[in-house]
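A.B. asks: So here's run_12.csv, just CSV, C-alpha atoms and all ligand atoms:
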```csv
chain,number,residue,atom,x,y,z
A,29,MET,CA,57.9,50.7,-59.9
A,30,ILE,CA,54.7,52.5,-60.8
A,31,ILE,CA,51.8,50.9,-62.5
A,32,LYS,CA,51.1,53.1,-65.5
A,33,ASN,CA,49.0,50.8,-67.6
A,34,ALA,CA,47.1,47.6,-67.0
A,35,GLU,CA,44.9,45.6,-69.3
A,36,PHE,CA,42.7,42.5,-69.0
A,37,VAL,CA,44.3,39.5,-70.7
A,38,LYS,CA,41.9,36.6,-70.1
A,39,SER,CA,39.8,34.6,-67.7
A,40,VAL,CA,40.8,31.0,-67.0
A,41,GLY,CA,38.5,28.4,-65.6
A,42,ASP,CA,40.4,25.3,-66.9
A,43,SER,CA,43.6,24.3,-65.2
A,44,SER,CA,45.3,23.3,-68.4
A,45,GLN,CA,45.5,27.0,-69.3
A,46,ILE,CA,47.6,27.9,-66.3
A,47,ASN,CA,50.9,26.9,-67.6
A,48,LEU,CA,50.6,29.0,-70.8
A,49,GLN,CA,51.6,32.3,-69.2
A,50,THR,CA,55.1,33.5,-69.7
A,51,LEU,CA,55.4,36.7,-67.6
A,52,PRO,CA,56.3,36.9,-63.9
A,53,GLU,CA,53.1,36.7,-61.9
A,54,ILE,CA,51.8,38.2,-58.7
A,55,ALA,CA,48.5,36.6,-57.5
A,56,VAL,CA,45.9,38.3,-55.3
A,57,ALA,CA,44.3,35.9,-52.9
A,58,GLY,CA,42.0,36.1,-49.9
A,59,LYS,CA,38.5,35.2,-48.7
A,60,SER,CA,35.5,36.1,-50.7
A,61,ASN,CA,34.5,39.8,-50.5
A,62,VAL,CA,37.8,40.9,-48.8
A,63,GLY,CA,38.4,43.3,-51.6
A,64,LYS,CA,40.8,41.5,-54.0
A,65,SER,CA,39.3,42.9,-57.2
A,66,SER,CA,39.0,46.4,-55.7
A,67,PHE,CA,42.7,46.2,-54.7
A,68,ILE,CA,43.7,45.4,-58.2
A,69,ASN,CA,41.7,48.3,-59.6
A,70,PHE,CA,43.2,50.6,-56.9
A,71,ILE,CA,46.9,49.7,-57.6
A,72,CYS,CA,46.2,49.9,-61.4
A,73,ASN,CA,44.3,53.1,-61.0
A,74,ASN,CA,41.4,51.8,-63.1
A,75,LYS,CA,38.0,51.4,-61.6
A,76,ARG,CA,36.7,49.2,-64.4
A,77,LEU,CA,39.6,46.7,-64.7
A,78,ALA,CA,38.5,43.9,-62.4
A,79,LYS,CA,34.8,43.4,-61.7
A,80,THR,CA,33.9,44.1,-58.0
A,81,SER,CA,30.7,43.4,-56.2
A,82,LYS,CA,29.0,43.9,-52.8
A,83,GLU,CA,27.9,40.2,-53.1
A,84,PRO,CA,30.6,37.7,-52.2
A,85,GLY,CA,31.7,35.2,-54.8
A,86,ARG,CA,31.9,37.6,-57.7
A,87,THR,CA,35.2,36.4,-59.1
A,88,ARG,CA,34.9,32.7,-60.1
A,89,LEU,CA,37.7,32.3,-62.5
A,90,LEU,CA,41.4,33.2,-62.6
A,91,ASN,CA,41.6,36.7,-64.2
A,92,TYR,CA,44.9,37.7,-65.7
A,93,PHE,CA,45.9,41.3,-66.2
A,94,VAL,CA,49.1,42.5,-67.9
A,95,VAL,CA,50.8,45.4,-66.2
A,96,ASN,CA,52.9,48.1,-68.0
A,97,LYS,CA,52.6,46.4,-71.4
A,98,GLY,CA,54.4,43.2,-70.3
A,99,GLU,CA,56.3,43.9,-67.1
A,100,PHE,CA,54.4,41.3,-65.1
A,101,ASN,CA,50.9,39.8,-64.7
A,102,LEU,CA,48.5,40.3,-61.9
A,103,VAL,CA,46.1,37.4,-61.3
A,104,ASP,CA,42.8,38.0,-59.5
A,105,LEU,CA,41.9,34.7,-57.8
A,106,PRO,CA,38.4,33.5,-56.8
A,107,GLY,CA,37.8,34.1,-53.1
A,108,TYR,CA,37.6,31.3,-50.6
A,109,GLY,CA,35.4,30.7,-47.6
A,110,PHE,CA,32.2,31.8,-49.2
A,111,ALA,CA,29.4,29.9,-47.4
A,112,LYS,CA,26.6,30.4,-49.9
A,113,VAL,CA,27.8,28.2,-52.7
A,114,SER,CA,27.1,24.5,-53.1
A,115,PHE,CA,29.7,22.0,-52.0
A,116,ALA,CA,30.3,21.0,-55.6
A,117,GLU,CA,31.0,24.5,-56.6
A,118,LYS,CA,33.3,25.1,-53.6
A,119,ALA,CA,35.2,22.1,-54.6
A,120,LYS,CA,35.6,23.3,-58.1
A,121,TRP,CA,36.9,26.7,-57.1
A,122,GLY,CA,39.2,25.1,-54.5
A,123,LYS,CA,40.7,22.9,-57.1
A,124,LEU,CA,41.2,25.8,-59.5
A,125,ILE,CA,43.0,27.8,-56.9
A,126,GLU,CA,45.1,24.8,-55.8
A,127,ASP,CA,45.9,23.9,-59.5
A,128,TYR,CA,47.0,27.5,-59.9
A,129,PHE,CA,49.4,27.4,-57.0
A,130,ARG,CA,50.9,24.1,-58.1
A,131,ASN,CA,51.2,24.8,-61.8
A,132,SER,CA,51.9,28.5,-62.4
A,133,LYS,CA,55.7,28.3,-62.8
A,134,ASN,CA,56.0,32.1,-63.0
A,135,LEU,CA,54.3,32.8,-59.7
A,136,LYS,CA,56.6,35.2,-57.8
A,137,ASN,CA,54.5,36.2,-54.8
A,138,VAL,CA,51.0,35.9,-53.5
A,139,PHE,CA,49.4,39.0,-52.1
A,140,LEU,CA,47.1,37.6,-49.4
A,141,LEU,CA,44.5,40.1,-48.5
A,142,LEU,CA,43.0,40.3,-45.0
A,143,ASP,CA,40.4,42.6,-43.6
A,144,ILE,CA,42.1,44.9,-41.1
A,145,ARG,CA,39.0,44.7,-38.8
A,146,HIS,CA,39.3,41.0,-38.1
A,147,ASN,CA,41.7,38.4,-37.0
A,148,PRO,CA,42.5,35.9,-39.9
A,149,THR,CA,39.8,33.3,-40.2
A,150,GLU,CA,40.5,29.5,-40.2
A,151,ASP,CA,40.5,29.6,-44.0
A,152,ASP,CA,43.0,32.4,-44.0
A,153,MET,CA,45.3,30.4,-41.7
A,154,GLN,CA,44.9,27.3,-43.8
A,155,MET,CA,45.9,29.4,-46.9
A,156,ILE,CA,49.0,30.7,-45.0
A,157,LYS,CA,50.0,27.2,-43.9
A,158,TYR,CA,49.6,26.1,-47.5
A,159,LEU,CA,51.8,28.9,-48.8
A,160,TYR,CA,54.5,28.0,-46.2
A,161,PHE,CA,54.2,24.3,-47.0
A,162,TYR,CA,54.7,24.8,-50.7
A,163,ARG,CA,57.3,27.6,-50.1
A,164,ILE,CA,55.4,30.1,-52.1
A,165,PRO,CA,56.5,33.6,-51.0
A,166,PHE,CA,53.6,35.8,-49.9
A,167,THR,CA,52.8,39.3,-48.7
A,168,ILE,CA,50.1,40.1,-46.2
A,169,ILE,CA,48.0,43.1,-47.3
A,170,ALA,CA,45.5,44.4,-44.7
A,171,THR,CA,42.8,46.1,-46.5
A,172,LYS,CA,39.7,48.3,-45.8
A,173,ALA,CA,41.8,50.5,-43.5
A,174,ASP,CA,39.3,53.3,-44.0
A,175,LYS,CA,36.8,51.3,-41.9
A,176,LEU,CA,38.9,52.1,-38.7
A,177,SER,CA,40.5,55.0,-37.1
A,178,LYS,CA,44.3,55.3,-37.7
A,179,SER,CA,45.1,54.2,-34.2
A,180,ALA,CA,42.7,51.2,-34.3
A,181,ALA,CA,44.1,50.2,-37.6
A,182,GLN,CA,47.6,50.2,-36.2
A,183,ARG,CA,46.5,48.2,-33.2
A,184,ASN,CA,44.8,45.6,-35.4
A,185,LYS,CA,47.8,45.4,-37.6
A,186,LYS,CA,49.9,44.5,-34.6
A,187,ALA,CA,47.3,41.9,-33.5
A,188,ILE,CA,47.1,40.3,-37.0
A,189,ALA,CA,51.0,40.2,-37.2
A,190,ASP,CA,51.1,38.5,-33.7
A,191,TYR,CA,48.3,36.1,-34.7
A,192,ILE,CA,50.2,35.0,-37.8
A,193,GLY,CA,53.6,35.1,-36.2
A,194,ILE,CA,55.2,37.7,-38.6
A,195,GLY,CA,56.6,41.2,-38.0
A,196,CYS,CA,54.3,44.2,-38.0
A,197,ASP,CA,56.3,45.8,-40.8
A,198,ASP,CA,55.6,42.8,-43.0
A,199,ILE,CA,51.9,43.9,-43.2
A,200,TYR,CA,50.9,46.4,-45.8
A,201,LEU,CA,48.0,48.5,-44.8
A,202,CYS,CA,45.8,49.8,-47.6
A,203,SER,CA,42.4,51.3,-48.4
A,204,SER,CA,41.2,50.8,-51.9
A,205,SER,CA,38.4,53.2,-51.5
A,206,GLU,CA,40.5,56.0,-49.9
A,207,LYS,CA,43.4,55.1,-52.1
A,208,THR,CA,46.0,54.9,-49.3
A,209,GLY,CA,49.0,52.6,-49.0
A,210,ARG,CA,49.8,52.3,-52.7
A,211,GLU,CA,53.4,53.6,-52.7
A,212,ALA,CA,54.5,50.9,-50.3
A,213,VAL,CA,52.8,48.3,-52.4
A,214,TYR,CA,54.6,49.5,-55.5
A,215,ALA,CA,57.9,49.3,-53.6
A,216,ARG,CA,57.1,45.8,-52.6
A,217,ILE,CA,56.3,44.8,-56.2
A,218,GLU,CA,59.6,46.3,-57.4
A,219,ALA,CA,61.5,44.3,-54.8
A,220,ILE,CA,59.7,41.1,-55.8
A,221,LEU,CA,60.5,41.6,-59.5
A,222,GLN,CA,64.1,42.7,-58.8
A,223,ALA,CA,64.8,39.7,-56.5
A,224,GLU,CA,63.8,37.6,-59.4
A,225,SER,CA,66.2,39.2,-61.9
A,226,VAL,CA,69.1,38.8,-59.4
A,227,ILE,CA,68.5,35.1,-59.2
A,228,THR,CA,68.3,34.8,-63.0
A,229,ASP,CA,71.6,36.7,-63.4
A,230,ALA,CA,73.4,34.4,-60.9
A,231,SER,CA,72.3,31.3,-62.7
A,232,ASP,CA,73.4,32.6,-66.0
A,233,ASP,CA,77.2,32.4,-65.5
B,1,LIG,N1,35.4,50.6,-47.4
B,1,LIG,C1,36.1,49.8,-48.2
B,1,LIG,N2,35.4,49.0,-49.0
B,1,LIG,C2,36.1,48.2,-49.8
B,1,LIG,C3,37.5,48.2,-49.9
B,1,LIG,N3,37.9,47.3,-50.8
B,1,LIG,C4,36.8,46.7,-51.3
B,1,LIG,N4,35.7,47.2,-50.7
B,1,LIG,C5,34.3,46.8,-50.9
B,1,LIG,O1,34.2,45.4,-50.6
B,1,LIG,C6,33.3,44.7,-51.4
B,1,LIG,C7,33.9,43.5,-52.1
B,1,LIG,O2,35.0,44.0,-53.0
B,1,LIG,P1,35.6,43.1,-54.1
B,1,LIG,O3,36.8,43.8,-54.6
B,1,LIG,O4,34.6,42.7,-55.2
B,1,LIG,O5,36.0,41.8,-53.3
B,1,LIG,P2,36.6,40.4,-53.8
B,1,LIG,O6,37.6,40.0,-52.8
B,1,LIG,O7,37.2,40.6,-55.2
B,1,LIG,O8,35.4,39.4,-53.8
B,1,LIG,P3,35.2,38.0,-54.6
B,1,LIG,O9,35.5,38.3,-56.0
B,1,LIG,O10,33.7,37.8,-54.4
B,1,LIG,O11,36.0,37.0,-53.9
B,1,LIG,C8,32.8,45.8,-52.4
B,1,LIG,O12,31.5,46.3,-51.9
B,1,LIG,C9,33.9,46.8,-52.3
B,1,LIG,O13,33.4,48.1,-52.7
B,1,LIG,C10,38.2,49.2,-49.1
B,1,LIG,O14,39.4,49.3,-49.1
B,1,LIG,N5,37.4,50.0,-48.3
B,2,MG,MG,36.8,39.6,-56.9
```
Can the structure in the file be given as structure tokens, please?

C.D. replies:
Amino acid sequence: MIIKNAEFVKSVGDSSQINLQTLPEIAVAGKSNVGKSSFINFICNNKRLAKTSKEPGRTRLLNYFVVNKGEFNLVDLPGYGFAKVSFAEKAKWGKLIEDYFRNSKNLKNVFLLLDIRHNPTEDDMQMIKYLYFYRIPFTIIATKADKLSKSAAQRNKKAIADYIGIGCDDIYLCSSSEKTGREAVYARIEAILQAESVITDASDD
């Protein structure tokens, strides 16, 4: 699987719109400013696809992108854990994200982005527990690898894996700005989409 083409479909701020999507979906989640929108642009090879910002809290809606003219959708989620917004606004985003997880019937996998420089935050761990609880498959992507030396990045990857209680090989190390780690992500997407078609075939007969 290679992403050759990606286009913006729509922004959704109203939960009733979540169910209307028909393609398989991969959602990109993570705390505010971790680099979700940059990651989408990186894997889609299009700097202008998702809006990025130095200021946390840029993405406030669910943004849907269609990949390869209909192979699957990527969904850019609003970030969590952003301290500077009001309680009411936080609650609104939280509800939108939760409604998304509970109602998007085509969600195949959540790419959970973590900053390679830090251990997961309390919010990250809450998100991971939530995904386990609702049995939503997810993939940990450690991003901003360019901010560390190769050896420090490997060390932190191991520390993050231990912290979460997963294998080191289950973490995908990326840098959106240096454009590293994309091939492994493509392979992961391919496996996610293929696993899906195997299950569909089995239930057909
Ligand atoms: N050095 C480096 N900077 C990055 C990388 N990915 C993102 N950034 C920077 O991190 C900042 C936030 O990036 P965004 O992609 O807007 O983050 P986001 O997670 O979508 O943020 P919200 O929409 O606010 O939740 C921007 O200044 C990016 O340029 C990376 O791999 N390396
Ligand atoms: Mg964003």

A.B. asks: Between A:Val103, A:Leu77, A:Ala215, A:Ile164, which residue has the minimum interatomic distance to Ser39 in chain A, considering all atoms listed in the file?

C.D. replies: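 Of A:Val103, A:Leu77, A:Ala215, A:Ile164, the one nearest Ser39 in chain A is A:Val103, counting all atoms listed in the file.
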
A.B. asks: Considering all atoms listed in the file, tabulate each residue of chain A that lies at most 9 Å from ligand LIG 1 (chain B) along with its nearest interatomic pair and the corresponding distance in Å to one decimal; arrange the rows by chain and ascending residue number and present them as CSV.

C.D. replies:
```
residue,atom,partner,partner_atom,distance
A:Val56,CA,B:LIG1,O6,8.8
A:Ala57,CA,B:LIG1,O6,7.9
A:Gly58,CA,B:LIG1,O6,6.6
A:Lys59,CA,B:LIG1,O11,6.0
A:Ser60,CA,B:LIG1,O11,3.4
A:Asn61,CA,B:LIG1,O8,3.4
A:Val62,CA,B:LIG1,O6,4.1
A:Gly63,CA,B:LIG1,O5,3.3
A:Lys64,CA,B:LIG1,O6,3.7
A:Ser65,CA,B:LIG1,O7,3.7
A:Ser66,CA,B:LIG1,O3,3.6
A:Phe67,CA,B:LIG1,N3,6.3
A:Ile68,CA,B:LIG1,O3,7.9
A:Asn69,CA,B:LIG1,O3,8.3
A:Phe70,CA,B:LIG1,N3,8.7
A:Ala78,CA,B:LIG1,O3,8.0
A:Lys79,CA,B:LIG1,O4,6.5
A:Thr80,CA,B:LIG1,O4,3.2
A:Ser81,CA,B:LIG1,O4,4.1
A:Lys82,CA,B:LIG1,O12,3.6
A:Glu83,CA,B:LIG1,O10,6.4
A:Pro84,CA,B:LIG1,O10,3.8
A:Gly85,CA,B:LIG1,O10,3.3
A:Arg86,CA,B:LIG1,O10,3.8
A:Thr87,CA,B:LIG1,O9,3.6
A:Arg88,CA,B:LIG1,O9,7.0
A:Asp104,CA,B:LIG1,O7,7.5
A:Leu105,CA,B:LIG1,O11,7.4
A:Pro106,CA,B:LIG1,O11,5.1
A:Gly107,CA,B:LIG1,O11,3.5
A:Tyr108,CA,B:LIG1,O11,6.8
A:Gly109,CA,B:LIG1,O11,8.9
A:Phe110,CA,B:LIG1,O11,8.0
A:Leu141,CA,B:LIG1,O6,8.1
A:Asp143,CA,B:LIG1,O14,8.7
A:Ala170,CA,B:LIG1,O14,9.0
A:Thr171,CA,B:LIG1,O14,5.3
A:Lys172,CA,B:LIG1,O14,3.5
A:Ala173,CA,B:LIG1,O14,6.2
A:Asp174,CA,B:LIG1,N5,5.7
A:Lys175,CA,B:LIG1,N1,5.7
A:Cys202,CA,B:LIG1,O14,6.6
A:Ser203,CA,B:LIG1,O14,3.7
A:Ser204,CA,B:LIG1,O14,3.7
A:Ser205,CA,B:LIG1,N5,4.6
A:Glu206,CA,B:LIG1,O14,6.8
A:Lys207,CA,B:LIG1,O14,7.7
A:Thr208,CA,B:LIG1,O14,8.7
```

A.B. asks: Which residue is closest to Ile54 in chain A? Choose from A:Leu89, A:Phe100, A:Ala219, A:Glu35 and count only C-alpha atoms.

C.D. replies: A:Phe100

A.B. asks: Using only C-alpha atoms, determine which residues lie at most 10 Å from Ile46 in chain A, disregarding the query and same-chain residues fewer than 5 positions distant; provide the list as a PyMOL selection string.

C.D. replies: chain A and resi 40-41+90+124+127-134

A.B. asks: May I ask for the distance between CA of Ala223 in chain A and CA of Pro52 in chain A, given in Å to one decimal place?

C.D. replies: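 Computed distance, CA of Ala223 in chain A to CA of Pro52 in chain A, equals 11.6 Å.
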
A.B. asks: Using all atoms listed in the file, which residue out of A:Arg163, A:Lys136, A:Arg76, A:His146 lies closest to Phe36 in chain A?

C.D. replies: A:Arg76

A.B. asks: What is the distance between CA of Lys186 in chain A and CA of Glu150 in chain A, in Å to one decimal?

C.D. replies: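 Result for CA of Lys186 in chain A versus CA of Glu150 in chain A: 18.6 Å, one decimal.
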
A.B. asks: CA of Leu51 in chain A and CA of Glu99 in chain A, how far apart in Å?

C.D. replies: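 Separating CA of Glu99 in chain A from CA of Leu51 in chain A is a distance of 7.3 Å.
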
A.B. asks: Can you tell me which residues surround Leu102 in chain A at a distance of at most 6 Å, considering all atoms listed in the file, apart from same-chain residues fewer than 5 positions away, and format the answer as a ChimeraX atom specification?

C.D. replies: /A:53-55,92-93

A.B. asks: With C-alpha atoms retained, write the just-selected residues as an mmCIF file, in the coordinates of the input.

C.D. replies:
```
data_model
loop_
_atom_site.group_PDB
_atom_site.id
_atom_site.type_symbol
_atom_site.label_atom_id
_atom_site.label_comp_id
_atom_site.auth_asym_id
_atom_site.auth_seq_id
_atom_site.Cartn_x
_atom_site.Cartn_y
_atom_site.Cartn_z
ATOM 1 C CA GLU A 53 53.100 36.700 -61.900
ATOM 2 C CA ILE A 54 51.800 38.200 -58.700
ATOM 3 C CA ALA A 55 48.500 36.600 -57.500
ATOM 4 C CA TYR A 92 44.900 37.700 -65.700
ATOM 5 C CA PHE A 93 45.900 41.300 -66.200
#
```

A.B. asks: For Ala181 in chain A, which of A:Leu140, A:Arg145, A:Ile156, A:Lys120 is the closest residue, counting all atoms listed in the file?

C.D. replies: A:Arg145

A.B. asks: Which one is closest to Ile194 in chain A: A:Ile125, A:Ile168, A:Cys72, A:Val95? Count all atoms listed in the file.

C.D. replies: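 Going through A:Ile125, A:Ile168, A:Cys72, A:Val95 one by one, the smallest distance to Ile194 in chain A is for A:Ile168.
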